[in-house]
file coords-v1.txt (compact mmCIF, C-alpha atoms)
# COMPACT_ATOMS: atom_id res chain seq x y z
CA MET A 972 165.78 81.90 -12.23
CA VAL A 973 165.66 80.83 -15.86
CA ASN A 974 162.63 83.15 -16.56
CA THR A 975 164.36 86.09 -14.94
CA ALA A 976 167.45 85.61 -17.06
CA GLY A 977 165.38 85.43 -20.30
CA TRP A 978 163.49 88.63 -19.42
CA ILE A 979 166.71 90.50 -18.74
CA GLY A 980 168.10 89.29 -22.10
CA ARG A 981 165.06 90.49 -24.02
CA LEU A 982 165.22 93.89 -22.27
CA GLY A 983 168.86 94.27 -23.22
CA SER A 984 168.15 93.47 -26.89
CA ARG A 985 165.36 96.07 -26.96
CA LEU A 986 167.64 98.68 -25.45
CA SER A 987 170.24 97.83 -28.09
CA ARG A 988 167.71 98.30 -30.89
CA MET A 989 166.54 101.63 -29.41
CA GLU A 990 170.15 102.80 -29.24
CA ALA A 991 170.66 101.78 -32.84
CA ARG A 992 167.53 103.71 -33.91
CA LEU A 993 168.73 106.79 -32.01
CA ASP A 994 172.10 106.59 -33.74
CA GLU A 995 170.41 106.33 -37.16
CA ARG A 996 168.16 109.31 -36.41
CA ARG A 997 171.10 111.34 -35.27
CA ALA A 998 172.97 110.46 -38.43
CA GLU A 999 169.95 111.51 -40.60
CA VAL A 1000 169.66 114.88 -38.86
CA GLU A 1001 173.36 115.54 -39.27
CA ALA A 1002 173.17 114.52 -42.93
CA GLU A 1003 170.23 116.93 -43.60
CA THR A 1004 172.10 119.74 -41.88
CA MET A 1005 175.25 119.14 -43.97
CA GLY A 1006 173.29 118.70 -47.25
CA VAL A 1007 173.90 114.98 -47.55
CA PRO A 1008 170.98 112.94 -49.06
CA GLN A 1009 168.90 111.14 -46.52
CA LYS A 1010 169.25 107.30 -46.20
CA PRO A 1011 166.34 105.06 -45.32
CA ALA A 1012 166.40 103.26 -42.00
CA ALA A 1013 167.99 99.83 -42.16
CA SER A 1014 165.42 98.23 -39.92
CA GLY A 1015 162.47 99.18 -42.17
CA VAL A 1016 160.70 100.75 -39.23
CA ALA A 1017 158.78 103.99 -39.88
CA VAL A 1018 160.96 106.97 -39.09
CA ALA A 1019 159.58 110.23 -37.73
CA PRO A 1020 159.60 113.31 -40.05
CA PRO A 1021 162.99 115.03 -40.08
CA VAL A 1022 163.46 118.11 -37.96
CA VAL A 1023 164.25 121.14 -40.18
CA VAL A 1024 166.99 123.34 -38.78
CA ALA A 1025 166.46 127.00 -39.87
CA GLY A 1026 169.52 128.69 -41.35
CA PRO A 1027 170.30 132.44 -41.43
CA ARG A 1028 167.49 134.58 -43.02
CA GLU A 1029 168.31 135.95 -46.48
CA ARG A 1030 167.87 139.77 -47.01
CA PRO A 1031 166.32 141.14 -50.24
CA ASP A 1032 168.34 142.99 -52.88
CA PRO A 1033 168.59 146.73 -51.97
CA VAL A 1034 167.63 147.71 -55.53
CA THR A 1035 164.37 145.75 -55.34
CA ALA A 1036 163.66 147.17 -51.88
CA VAL A 1037 163.53 150.78 -53.25
CA PRO A 1038 160.13 151.73 -54.77
CA TRP A 1039 160.04 152.08 -58.56
CA GLY A 1040 158.97 155.73 -58.52
CA MET A 1041 161.84 156.67 -56.21
CA ARG A 1042 164.32 154.85 -58.46
CA VAL A 1043 163.05 156.76 -61.52
CA ALA A 1044 163.27 160.07 -59.63
CA ALA A 1045 166.85 159.28 -58.57
CA GLU A 1046 167.87 158.39 -62.13
CA VAL A 1047 166.37 161.61 -63.49
CA SER A 1048 167.84 163.70 -60.66
CA TRP A 1049 171.48 162.78 -61.17
CA ARG A 1050 171.18 163.32 -64.91
CA LEU A 1051 169.63 166.76 -64.33
CA LEU A 1052 172.41 167.59 -61.88
CA LEU A 1053 174.99 166.60 -64.49
CA LEU A 1054 173.32 168.75 -67.15
CA ALA A 1055 173.05 171.67 -64.72
CA GLY A 1056 176.75 171.36 -63.90
CA MET A 1057 177.69 171.33 -67.58
CA LEU A 1058 175.44 174.34 -68.22
CA TRP A 1059 177.01 176.21 -65.31
CA VAL A 1060 180.50 175.54 -66.63
CA LEU A 1061 179.40 176.66 -70.10
CA MET A 1062 177.97 179.89 -68.70
CA LYS A 1063 181.18 180.57 -66.79
CA VAL A 1064 183.21 180.09 -69.95
CA ILE A 1065 180.89 182.34 -71.95
CA SER A 1066 181.03 185.04 -69.25
CA GLU A 1067 184.83 184.99 -69.42
CA VAL A 1068 184.83 185.49 -73.21
CA ARG A 1069 181.61 187.46 -73.33
CA LEU A 1070 183.02 190.12 -75.65
CA VAL A 1071 184.03 187.56 -78.29
CA VAL A 1072 180.72 185.68 -78.06
CA LEU A 1073 178.61 188.83 -78.37
CA ALA A 1074 180.73 190.07 -81.27
CA PHE A 1075 180.28 186.78 -83.15
CA VAL A 1076 176.53 186.68 -82.47
CA ALA A 1077 176.23 190.29 -83.68
CA ALA A 1078 178.13 189.26 -86.80
CA LEU A 1079 175.65 186.43 -87.37
CA LEU A 1080 172.73 188.86 -87.09
CA VAL A 1081 174.34 191.35 -89.50
CA THR A 1082 175.21 188.52 -91.90
CA ALA A 1083 171.61 187.31 -91.88
CA LEU A 1084 170.57 190.84 -92.85
CA LEU A 1085 173.20 191.42 -95.56
CA GLN A 1086 173.46 187.98 -97.18
CA PRO A 1087 170.52 188.48 -99.61
CA PHE A 1088 172.38 191.46 -101.14
CA VAL A 1089 175.47 189.29 -101.71
CA VAL A 1090 173.28 186.67 -103.41
CA ARG A 1091 171.67 189.26 -105.70
CA LEU A 1092 175.05 190.72 -106.67
CA ARG A 1093 176.34 187.21 -107.42
CA ARG A 1094 173.34 186.61 -109.68
CA LEU A 1095 174.19 189.85 -111.51
CA GLY A 1096 177.58 188.36 -112.37
CA LEU A 1097 179.89 189.87 -109.74
CA PRO A 1098 182.61 187.64 -108.26
CA ARG A 1099 182.07 186.45 -104.72
CA GLY A 1100 184.85 188.60 -103.26
CA LEU A 1101 183.66 191.77 -104.97
CA ALA A 1102 180.01 191.13 -104.04
CA THR A 1103 181.02 190.56 -100.41
CA ALA A 1104 183.17 193.70 -100.32
CA VAL A 1105 180.48 195.92 -101.85
CA THR A 1106 177.78 194.61 -99.51
CA ALA A 1107 179.94 194.88 -96.40
CA ILE A 1108 181.18 198.38 -97.20
CA LEU A 1109 177.69 199.69 -97.94
CA GLY A 1110 176.27 198.02 -94.81
CA PHE A 1111 178.97 199.39 -92.53
CA VAL A 1112 178.67 202.84 -94.10
CA VAL A 1113 174.92 202.90 -93.48
CA ILE A 1114 175.39 201.79 -89.88
CA GLY A 1115 178.10 204.42 -89.36
CA LEU A 1116 175.94 207.15 -90.88
CA VAL A 1117 173.07 206.26 -88.58
CA GLY A 1118 175.35 206.53 -85.54
CA TRP A 1119 176.85 209.81 -86.76
CA PHE A 1120 173.39 211.24 -87.44
CA VAL A 1121 172.21 210.41 -83.92
CA VAL A 1122 175.28 212.02 -82.31
CA TRP A 1123 175.00 215.07 -84.58
CA GLN A 1124 171.31 215.60 -83.79
CA VAL A 1125 171.91 215.24 -80.05
CA MET A 1126 174.77 217.76 -80.10
CA GLU A 1127 172.76 220.18 -82.25
CA ASN A 1128 169.75 220.09 -79.95
CA LEU A 1129 171.61 219.80 -76.64
CA ASP A 1130 171.53 223.53 -75.86
CA ASP A 1131 167.87 223.78 -76.78
CA LEU A 1132 167.13 220.72 -74.70
CA SER A 1133 168.98 222.17 -71.70
CA ASP A 1134 167.02 225.42 -71.93
CA ARG A 1135 163.72 223.60 -72.21
CA VAL A 1136 164.59 221.30 -69.32
CA ARG A 1137 165.42 224.37 -67.21
CA ASP A 1138 162.11 225.96 -68.19
CA GLY A 1139 160.31 222.71 -67.43
CA ILE A 1140 161.88 222.54 -63.98
CA ASN A 1141 160.80 226.12 -63.26
CA GLU A 1142 157.27 225.33 -64.41
CA LEU A 1143 157.27 222.23 -62.20
CA LYS A 1144 158.45 224.36 -59.30
CA LEU A 1145 155.64 226.89 -59.82
CA TRP A 1146 153.11 224.07 -60.14
CA LEU A 1147 154.28 222.54 -56.87
CA LEU A 1148 154.00 225.88 -55.10
CA ASP A 1149 150.39 226.30 -56.30
CA SER A 1150 149.47 222.62 -55.83
CA PRO A 1151 147.34 221.29 -52.98
CA PHE A 1152 150.40 219.45 -51.60
CA HIS A 1153 151.43 222.56 -49.62
CA VAL A 1154 155.03 222.50 -50.83
CA THR A 1155 157.00 225.58 -49.83
CA GLU A 1156 159.81 227.26 -51.72
CA LYS A 1157 162.18 226.52 -48.83
CA GLN A 1158 161.55 222.78 -49.20
CA ILE A 1159 162.24 222.94 -52.94
CA ASN A 1160 165.47 224.87 -52.32
CA ASP A 1161 166.52 222.34 -49.70
CA ILE A 1162 165.98 219.50 -52.17
CA ALA A 1163 168.08 221.29 -54.79
CA LYS A 1164 170.82 221.98 -52.21
CA ASN A 1165 170.85 218.33 -51.15
CA LEU A 1166 171.25 217.24 -54.77
CA THR A 1167 174.16 219.67 -55.23
CA ASP A 1168 175.84 218.48 -52.04
CA THR A 1169 175.39 214.84 -53.07
CA ILE A 1170 177.07 215.48 -56.40
CA GLY A 1171 179.89 217.36 -54.69
CA THR A 1172 180.58 214.69 -52.08
CA ASN A 1173 180.52 211.87 -54.66
CA THR A 1174 182.95 213.45 -57.11
CA GLU A 1175 185.40 210.59 -56.67
CA GLU A 1176 182.73 207.99 -57.43
CA ILE A 1177 181.59 209.98 -60.47
CA THR A 1178 185.19 210.20 -61.71
CA SER A 1179 185.71 206.45 -61.29
CA ALA A 1180 182.44 205.83 -63.10
CA GLY A 1181 183.71 207.99 -65.93
CA LEU A 1182 186.95 206.01 -66.11
CA GLN A 1183 184.92 202.82 -66.14
CA GLY A 1184 182.90 204.28 -68.97
CA VAL A 1185 186.13 204.79 -70.93
CA THR A 1186 186.95 201.10 -70.39
CA VAL A 1187 183.51 200.11 -71.59
CA LEU A 1188 183.97 202.32 -74.67
CA VAL A 1189 187.25 200.56 -75.50
CA GLU A 1190 185.55 197.17 -75.13
CA VAL A 1191 182.68 198.30 -77.37
CA LEU A 1192 185.10 199.44 -80.08
CA THR A 1193 186.98 196.13 -79.83
CA GLY A 1194 183.73 194.21 -80.12
CA MET A 1195 182.72 196.25 -83.15
CA LEU A 1196 186.00 195.45 -84.91
CA LEU A 1197 185.61 191.74 -84.13
CA ALA A 1198 182.03 191.82 -85.41
CA MET A 1199 183.10 193.54 -88.65
CA PHE A 1200 185.84 191.00 -89.40
CA SER A 1201 183.54 188.10 -88.51
CA THR A 1202 180.84 189.48 -90.79
CA LEU A 1203 183.27 189.73 -93.70
CA PHE A 1204 184.37 186.12 -93.33
CA LEU A 1205 180.83 184.84 -92.83
CA LEU A 1206 179.60 186.64 -95.95
CA TYR A 1207 182.53 185.47 -98.06
CA ASP A 1208 183.14 181.94 -96.80
CA GLY A 1209 180.07 180.97 -94.79
CA LYS A 1210 179.41 177.70 -96.66
CA ARG A 1211 182.93 176.42 -96.03
CA ILE A 1212 182.76 177.41 -92.36
CA TRP A 1213 179.48 175.50 -92.00
CA ASN A 1214 180.97 172.40 -93.63
CA TRP A 1215 183.94 172.61 -91.27
CA VAL A 1216 181.56 172.76 -88.28
CA LEU A 1217 179.73 169.71 -89.63
CA GLY A 1218 183.03 167.86 -89.75
CA LEU A 1219 183.38 168.31 -85.97
CA VAL A 1220 180.05 166.60 -85.33
CA PRO A 1221 180.12 162.80 -84.71
CA ALA A 1222 179.21 160.83 -87.81
CA PRO A 1223 175.97 159.27 -86.43
CA ALA A 1224 174.58 162.71 -85.54
CA ARG A 1225 175.85 164.50 -88.64
CA PRO A 1226 172.77 164.00 -90.90
CA GLY A 1227 170.41 165.42 -88.30
CA VAL A 1228 172.63 168.44 -87.60
CA ALA A 1229 173.12 169.00 -91.33
CA GLY A 1230 169.35 169.15 -91.79
CA ALA A 1231 168.79 171.38 -88.76
CA GLY A 1232 171.40 173.94 -89.82
CA PRO A 1233 169.60 175.44 -92.87
CA ARG A 1234 166.32 175.58 -90.93
CA ALA A 1235 167.98 177.39 -88.03
CA TRP A 1236 169.53 179.85 -90.48
CA ARG A 1237 166.17 180.51 -92.17
CA THR A 1238 164.63 181.18 -88.75
CA LEU A 1239 167.41 183.60 -87.81
CA THR A 1240 167.18 185.37 -91.16
CA ALA A 1241 163.41 185.73 -90.92
CA TYR A 1242 163.71 187.09 -87.37
CA VAL A 1243 166.35 189.69 -88.25
CA ARG A 1244 164.57 190.96 -91.37
CA GLY A 1245 161.19 191.04 -89.67
CA THR A 1246 162.57 192.84 -86.62
CA VAL A 1247 164.30 195.44 -88.78
CA LEU A 1248 161.11 196.09 -90.74
CA VAL A 1249 158.94 196.33 -87.60
CA ALA A 1250 161.48 198.61 -85.89
CA LEU A 1251 161.59 200.86 -88.97
CA ILE A 1252 157.80 201.17 -89.03
CA ASP A 1253 157.72 201.99 -85.30
CA ALA A 1254 160.44 204.61 -85.66
CA VAL A 1255 158.78 206.28 -88.67
CA PHE A 1256 155.29 206.57 -87.21
CA ILE A 1257 156.32 207.49 -83.66
CA GLY A 1258 158.88 209.94 -85.10
CA LEU A 1259 156.17 211.58 -87.20
CA GLY A 1260 154.01 211.91 -84.10
CA LEU A 1261 156.88 213.52 -82.18
CA TYR A 1262 157.59 215.86 -85.10
CA PHE A 1263 154.00 217.08 -85.44
CA LEU A 1264 153.76 217.54 -81.67
CA ASP A 1265 156.89 219.73 -81.88
CA VAL A 1266 158.90 217.64 -79.42
CA THR A 1267 162.57 218.53 -79.16
CA MET A 1268 164.98 216.03 -80.80
CA ALA A 1269 162.17 214.18 -82.56
CA VAL A 1270 164.54 212.65 -85.14
CA PRO A 1271 167.13 211.34 -82.61
CA LEU A 1272 164.29 209.94 -80.50
CA ALA A 1273 162.95 208.13 -83.57
CA VAL A 1274 166.40 206.62 -84.15
CA PHE A 1275 166.55 205.55 -80.51
CA ILE A 1276 163.14 203.91 -80.92
CA PHE A 1277 164.45 202.01 -83.96
CA LEU A 1278 167.53 200.77 -82.07
CA PHE A 1279 165.69 199.83 -78.88
CA ALA A 1280 163.13 197.86 -80.90
CA PHE A 1281 165.73 195.08 -81.18
CA ILE A 1282 165.25 194.41 -77.45
CA PRO A 1283 161.83 192.68 -77.35
CA LEU A 1284 159.21 194.09 -74.96
CA VAL A 1285 161.71 195.94 -72.76
CA GLY A 1286 163.14 198.09 -75.56
CA ALA A 1287 159.73 199.42 -76.60
CA VAL A 1288 158.94 200.41 -73.01
CA ILE A 1289 162.28 202.17 -72.50
CA SER A 1290 162.21 204.09 -75.78
CA GLY A 1291 158.56 205.08 -75.30
CA ALA A 1292 159.21 206.25 -71.74
CA LEU A 1293 162.20 208.29 -72.94
CA ALA A 1294 160.06 210.04 -75.56
CA VAL A 1295 157.34 210.79 -72.99
CA VAL A 1296 159.87 212.20 -70.48
CA VAL A 1297 161.46 214.46 -73.09
CA ALA A 1298 158.00 215.71 -74.12
CA LEU A 1299 157.08 216.29 -70.46
CA VAL A 1300 160.12 218.42 -69.58
CA THR A 1301 160.11 220.36 -72.85
CA GLN A 1302 156.46 220.80 -73.84
CA GLY A 1303 154.36 220.09 -70.76
CA VAL A 1304 151.86 217.56 -69.51
CA PHE A 1305 149.42 217.74 -72.44
CA THR A 1306 152.11 217.06 -75.04
CA ALA A 1307 153.50 214.24 -72.91
CA LEU A 1308 150.07 212.59 -72.74
CA SER A 1309 149.71 212.98 -76.50
CA VAL A 1310 153.09 211.34 -77.06
CA LEU A 1311 152.09 208.52 -74.71
CA ALA A 1312 148.91 207.96 -76.72
CA VAL A 1313 150.87 207.85 -80.00
CA VAL A 1314 153.43 205.39 -78.57
CA LEU A 1315 150.75 203.08 -77.16
CA LEU A 1316 148.76 203.13 -80.41
CA VAL A 1317 151.76 202.27 -82.59
CA GLN A 1318 152.95 199.56 -80.22
CA GLN A 1319 149.51 197.96 -80.10
CA ILE A 1320 149.39 197.88 -83.90
CA GLU A 1321 152.89 196.42 -83.91
CA GLY A 1322 152.11 193.68 -81.40
CA HIS A 1323 148.78 192.57 -82.85
CA VAL A 1324 149.19 193.23 -86.59
CA LEU A 1325 152.76 193.80 -87.73
CA GLN A 1326 154.68 191.10 -85.84
CA PRO A 1327 152.25 188.23 -86.60
CA PHE A 1328 152.06 189.29 -90.25
CA ILE A 1329 155.75 190.04 -90.88
CA LEU A 1330 157.51 187.54 -88.62
CA GLY A 1331 154.99 184.75 -89.10
CA ARG A 1332 154.73 181.50 -87.21
CA ALA A 1333 158.28 180.38 -87.98
CA VAL A 1334 159.82 182.60 -85.31
CA ARG A 1335 156.85 182.98 -82.98
CA VAL A 1336 157.90 182.65 -79.35
CA HIS A 1337 155.53 182.67 -76.38
CA PRO A 1338 155.54 186.01 -74.47
CA LEU A 1339 156.57 184.24 -71.25
CA ALA A 1340 159.59 182.74 -73.02
CA VAL A 1341 160.42 186.20 -74.40
CA VAL A 1342 160.31 187.83 -70.96
CA LEU A 1343 162.35 185.09 -69.28
CA SER A 1344 164.93 184.92 -72.08
CA VAL A 1345 165.37 188.72 -72.17
CA ALA A 1346 165.75 188.80 -68.37
CA ALA A 1347 168.27 185.94 -68.39
CA GLY A 1348 170.22 187.44 -71.30
CA GLY A 1349 170.34 190.82 -69.60
CA MET A 1350 171.60 189.30 -66.34
CA ILE A 1351 174.30 187.29 -68.12
CA ALA A 1352 175.57 189.76 -70.73
CA GLY A 1353 173.78 193.09 -70.25
CA ILE A 1354 172.14 194.84 -73.20
CA GLY A 1355 173.88 192.60 -75.73
CA GLY A 1356 172.55 189.49 -74.01
CA ALA A 1357 169.02 190.92 -74.00
CA VAL A 1358 169.27 191.61 -77.75
CA VAL A 1359 170.43 188.10 -78.75
CA ALA A 1360 168.28 186.18 -76.23
CA VAL A 1361 165.07 185.96 -78.28
CA PRO A 1362 166.66 184.97 -81.64
CA LEU A 1363 168.67 182.36 -79.74
CA VAL A 1364 165.47 180.93 -78.24
CA ALA A 1365 163.74 180.97 -81.65
CA VAL A 1366 166.64 179.17 -83.34
CA THR A 1367 166.90 176.63 -80.50
CA ASN A 1368 163.18 175.91 -80.80
CA THR A 1369 163.51 175.30 -84.54
CA VAL A 1370 166.49 172.97 -84.08
CA VAL A 1371 164.88 170.95 -81.27
CA VAL A 1372 161.61 170.50 -83.17
CA TYR A 1373 163.43 169.33 -86.30
CA LEU A 1374 165.78 166.95 -84.47
CA ARG A 1375 162.87 165.41 -82.55
CA ALA A 1376 160.93 164.75 -85.77
CA TYR A 1377 164.08 163.49 -87.51
CA SER A 1378 164.93 161.05 -84.69
CA GLN A 1379 161.38 159.70 -84.60
CA ASP A 1380 161.31 159.07 -88.35
CA HIS A 1381 164.79 157.57 -88.25
CA ARG A 1382 163.87 155.29 -85.33
CA HIS A 1383 160.75 153.98 -87.07
CA GLY A 1384 162.53 153.59 -90.37
CA GLY A 1385 160.14 155.92 -92.12
CA ALA A 1386 160.75 158.49 -94.78
CA PRO A 1387 162.83 161.55 -93.90
CA VAL A 1388 161.18 164.62 -92.48
CA ALA A 1389 159.38 166.71 -95.07
CA GLY A 1390 161.97 168.92 -96.70
CA ALA A 1391 164.82 167.28 -94.80
CA ALA A 1392 166.51 165.60 -97.76
CA PRO A 1393 169.00 166.36 -99.01
CA HIS A 1394 170.72 167.54 -95.85
CA GLY A 1395 173.07 170.37 -95.07
CA ALA A 1396 174.62 173.32 -96.76
CA THR A 1397 176.29 171.16 -99.38
CA ALA A 1398 172.88 170.16 -100.70
CA LEU A 1399 171.59 173.71 -101.03
CA GLY A 1400 172.17 176.16 -103.78
CA GLU A 1401 173.79 179.46 -102.94
CA GLY A 1402 170.77 181.48 -101.87
CA VAL A 1403 169.13 183.09 -98.93
CA ASP A 1404 168.54 179.72 -97.29
CA ASP A 1405 172.23 178.91 -96.96
CA PRO A 1406 173.51 178.61 -93.40
CA VAL A 1407 175.97 181.48 -93.07

call {"tool": "encode", "arguments": {"input": "coords-v1.txt", "output": "structure tokens"}}
result
Amino acid sequence: MVNTAGWIGRLGSRLSRMEARLDERRAEVEAETMGVPQKPAASGVAVAPPVVVAGPRERPDPVTAVPWGMRVAAEVSWRLLLLAGMLWVLMKVISEVRLVVLAFVAALLVTALLQPFVVRLRRLGLPRGLATAVTAILGFVVIGLVGWFVVWQVMENLDDLSDRVRDGINELKLWLLDSPFHVTEKQINDIAKNLTDTIGTNTEEITSAGLQGVTVLVEVLTGMLLAMFSTLFLLYDGKRIWNWVLGLVPAPARPGVAGAGPRAWRTLTAYVRGTVLVALIDAVFIGLGLYFLDVTMAVPLAVFIFLFAFIPLVGAVISGALAVVVALVTQGVFTALSVLAVVLLVQQIEGHVLQPFILGRAVRVHPLAVVLSVAAGGMIAGIGGAVVAVPLVAVTNTVVVYLRAYSQDHRHGGAPVAGAAPHGATALGEGVDDPV
């Protein structure tokens, strides 16, 4: 009986110790879960390794989850979209005030052409106002005389041209009747009748087109007046206008813009003078060819060739085609082919000899850039946009190249760009290199 009671007592004490160990282990697990430091067992008995309870899995940062190349593309894309939006808004604004913009750009081109004469008159001792007035009056008179001469020659030769066109049509009709195409006189008469009926049925459209032409004429006259006034002010007070524009530029960017301005003006001046000289050479030599080939209105055609030469690439094609067509309907196929040969010869000499020699590398623009800029300018602002597109691209190229070199030198703390100091119009003497 005594042994049985002792055994039961020992079993109870063991169960008590096991319960105590279980309570300690439970307390340790709860402490680990709650972040409380773990306490050693009071009994000194080895305790089993704690059971780790897994918490919720942490997700990576979304920025780090996106590949680096995609992040760069996204950063570039939204900046390009912002620039495209700003460019679109700028184009919309320019299209709304297209007449004013084209008039001012035309004034810049005329100023670049006439400014050397103002400088020479100033060096001869004339006051600035008088030198500006004399140069502007003579320039506008010359331009007006050229326009009057073209109109006078066209009106003088209009009757002769009509007669020769009628004779050319009759010769074309006889050639078609004798040609291997088996064209009959009835078919030719039907074509002529259809043309007459088309003109008669579209009288209203032709009248509206004429009224629209009157509106365009009023806009052209308004633009000419704006260009004349702008030219006067640019010739007389161009330096002060440039300094005022510099004052609108933020101060950190002002030195770079001040250095880019004179270089842009030199590029524009070189382009205008070179284009005028090349156009004059084209007009003289092609006009002489038309004169010796006895083409009707040879002198007005030469003037048209001079004017259309200001539209790069496209203008030469249009003026040459016009001369060939006039020669075809007035003198026949042989004369037309001769005129075509003369036009192609002069234009090849112009493209490969005159332009590289006269214009030089300062205003050289890649032919692809010329074609794209002329097409874009024509789509935005018609003929005026096509005329100013290439000088705008040339000036922009000069400004971008200078600002890139200036920023690199400024970033590395080096010396200023060669020829960049001193900056701006205020640092230049009054000469042909002044910006407006």

call {"tool": "residues_around", "arguments": {"input": "coords-v1.txt", "residues": "Gly1260 (chain A)", "least_positions_apart": "2", "cutoff": "12 Å", "atoms": "only C-alpha atoms", "output": "PyMOL selection string"}}
result
chain A and resi 1253-1258+1262-1267+1269-1270+1272-1273+1294-1295+1298+1306-1307+1309-1317

call {"tool": "atom_distance", "arguments": {"input": "coords-v1.txt", "atom1": "CA of Phe1200 (chain A)", "atom2": "CA of Thr1238 (chain A)"}}
result
23.4 Å

call {"tool": "residues_around", "arguments": {"input": "coords-v1.txt", "residues": "Pro1362 (chain A)", "least_positions_apart": "3", "cutoff": "8 Å", "atoms": "only C-alpha atoms", "output": "PyMOL selection string"}}
result
chain A and resi 1239+1242+1359+1365-1366

call {"tool": "residues_around", "arguments": {"input": "coords-v1.txt", "residues": "region 1068-1084 of chain A", "least_positions_apart": "3", "cutoff": "7 Å", "atoms": "only C-alpha atoms", "output": "MDAnalysis selection string"}}
result
chainID A and resid 1064:1065 1194:1195 1197:1199 1201:1202 1205:1206 1239:1240 1243:1244 1352 1355

call {"tool": "atom_distance", "arguments": {"input": "coords-v1.txt", "atom1": "CA of Val1336 (chain A)", "atom2": "CA of Gly1356 (chain A)"}}
result
17.0 Å
